[in-house]
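Read the structure below first, then the notes.
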Amino acid sequence: RQQKWKSSVSTQAKMPPCDFVPEKYESYPYERVQKIREQNIAPSLRTYYRKPLLLHQGHMQWLFDHEGRRYLDLFAGIVTVSVGHCHPKVTMATQKQLARLWHTTNIYMYPAIHEYAEKLTSLFPDPLKVVYLTNSGSEANDLAMFMARLHTHNFDIISLRGGYHGGSPYTLGLTSLTPYKHGVANGFGCTTTMLPDVFRGPWGGSHCRDSPVQTIRKCSCTEGACLAKDQYIEQFKDTLNTSVPKTVAGFIAEPIQGVNGAVQYPRNFLKEAYQLIRERGGLCISDEVQTGFGRTGSHFWGFQTHGVVPDIVTLAKGIGNGFPMAAVVTTKEIASSLAQNLHFNTFGGNPLACVVGAAVLDAIEEDSLQKNSEIVGTYMLLELAKLRDEFEIVGDVRGKGLMIGVEMVTDKDSRRPLPAEEISQIWEDCKDMGVLIGRGGLYSQTFRIKPPMCITKRDVNFAVEVFRTALQKHIDRAA
């Protein structure tokens, strides 16, 4: 039987029912797990929360801890569980393949990689029809950089400040968030440029972004014009004119920044940036590791929301619903640059990964998860916007579909980030009431809400009520 637990915070909200009963936890006691963590697991692998959760089982949008407590998962293993924890369709396909063939590497042919390659590339516009399968997002972005340099015979790559593109030594040059930077040489040939953040940046207004919720900033732009976008493009040109050679290898950007807290650019910014890069002989890379697979609701890929077609697209996280796999999708011509020498990946596109990937695509379609992301995501954004109007410390609510950021501030006038310890208290209270959310942003000031795409409006009502209770408790504490 599922245990009831008393939270340190009480909420009027009722957790939606769930008829799934988790298995009894029979592994090590909590204290022993903690000890092993301290002694045998690398300390760079940090845990969330003062008393880290010991999770035991998952079912769709729900997680269960070792004591049988149930949580609504609004972070999805860092935007990775796309179709739901242990989705029956994906689980079944994986079990079947597990008993048939795990691995041969791609020096032989096997059906899974061909079936998956055809299925995946059919979802892309021409000429993006060739895929190279890898194991992680860092690896995919690493390869995308490599391909861009090989193909253009140029070296310099531009990325946006606040972007996260991986933690490997090569991609660290593109990643532009101090906590991920280590004091070793990295980033040779990588240049960052100003982030067009219409909430926190120098320019922004009241209808810049492609979101049901706009910023609290005002502007005098007329329909179809965006002064903020023009200013940020000027900054982009300034980088091109001062910091890189006349020709570049490429430009990489996430359609919506993930780790930085669902930051969105002004409409048409990417379109103009792509044009400027192509004029200088560079390729445009769209990092879809977090925005891909229908999460933005209106489109299957984040780049489509900007009206652009990139030269290279990188995929990971939601591609495998938690199975380690990733991909680089590009054109035949660009992919051929890599074929002039050997480039080999032992595990990329193994039979197991390809079967998982195909089952995930089927589940997205059969469960109408892109549509669900649009409907439930829009509903959630509008409900959270009410909290922004209600509480002075909720500075910005933004995003698209089920890719949502809630930026916390000391006050709306200054837009100064709410101190990390205050945010931590709100975050801990949400967890105690049964809702798990992520954190992001330069100052860890933004709550990241990116749940499995199967969540319902009923789940949203519960989550928003829990969040409201946590905010109210924070106000009471401060008083």
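In the structure tokens, chains take letters A, B, ... by order of appearance, with residues numbered from 1 within each chain and ligands from 1 in the order shown.
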ask   = Hey, what does DSSP flag as strand (DSSP E) within range 174-241 of chain A? Can you give it to me as a PyMOL selection string?
value = chain A and resi 190-193
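For range 157-230 of chain A, backbone-based DSSP labels the following residues as alpha helix (DSSP H): Leu227, Ala228, Lys229 and Asp230 of chain A.
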key: Nearest-residue call for Phe303 in chain A, choices A:Tyr164, A:Phe155, A:Phe391, A:Phe124, using only C-alpha atoms   =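 Looking at the shortest contact to Phe303 in chain A, the residue is A:Phe124.
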task = Point out the residue among A:Ala76, A:Leu436, A:Val198, A:Val329 with the least atom-to-atom distance to Gln264 in chain A, counting only C-alpha atoms.
result = A:Val198
Residue neighbourhood Glu234 in chain A, 12 Å, only C-alpha atoms, exclusion window fewer than 5 positions, as number ranges by chain = A: 193-196, 203, 227-229, 239-241, 269, 272-273, 276
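Put simply, CA of Gly58 in chain A is 12.2 Å away from CA of Val83 in chain A.
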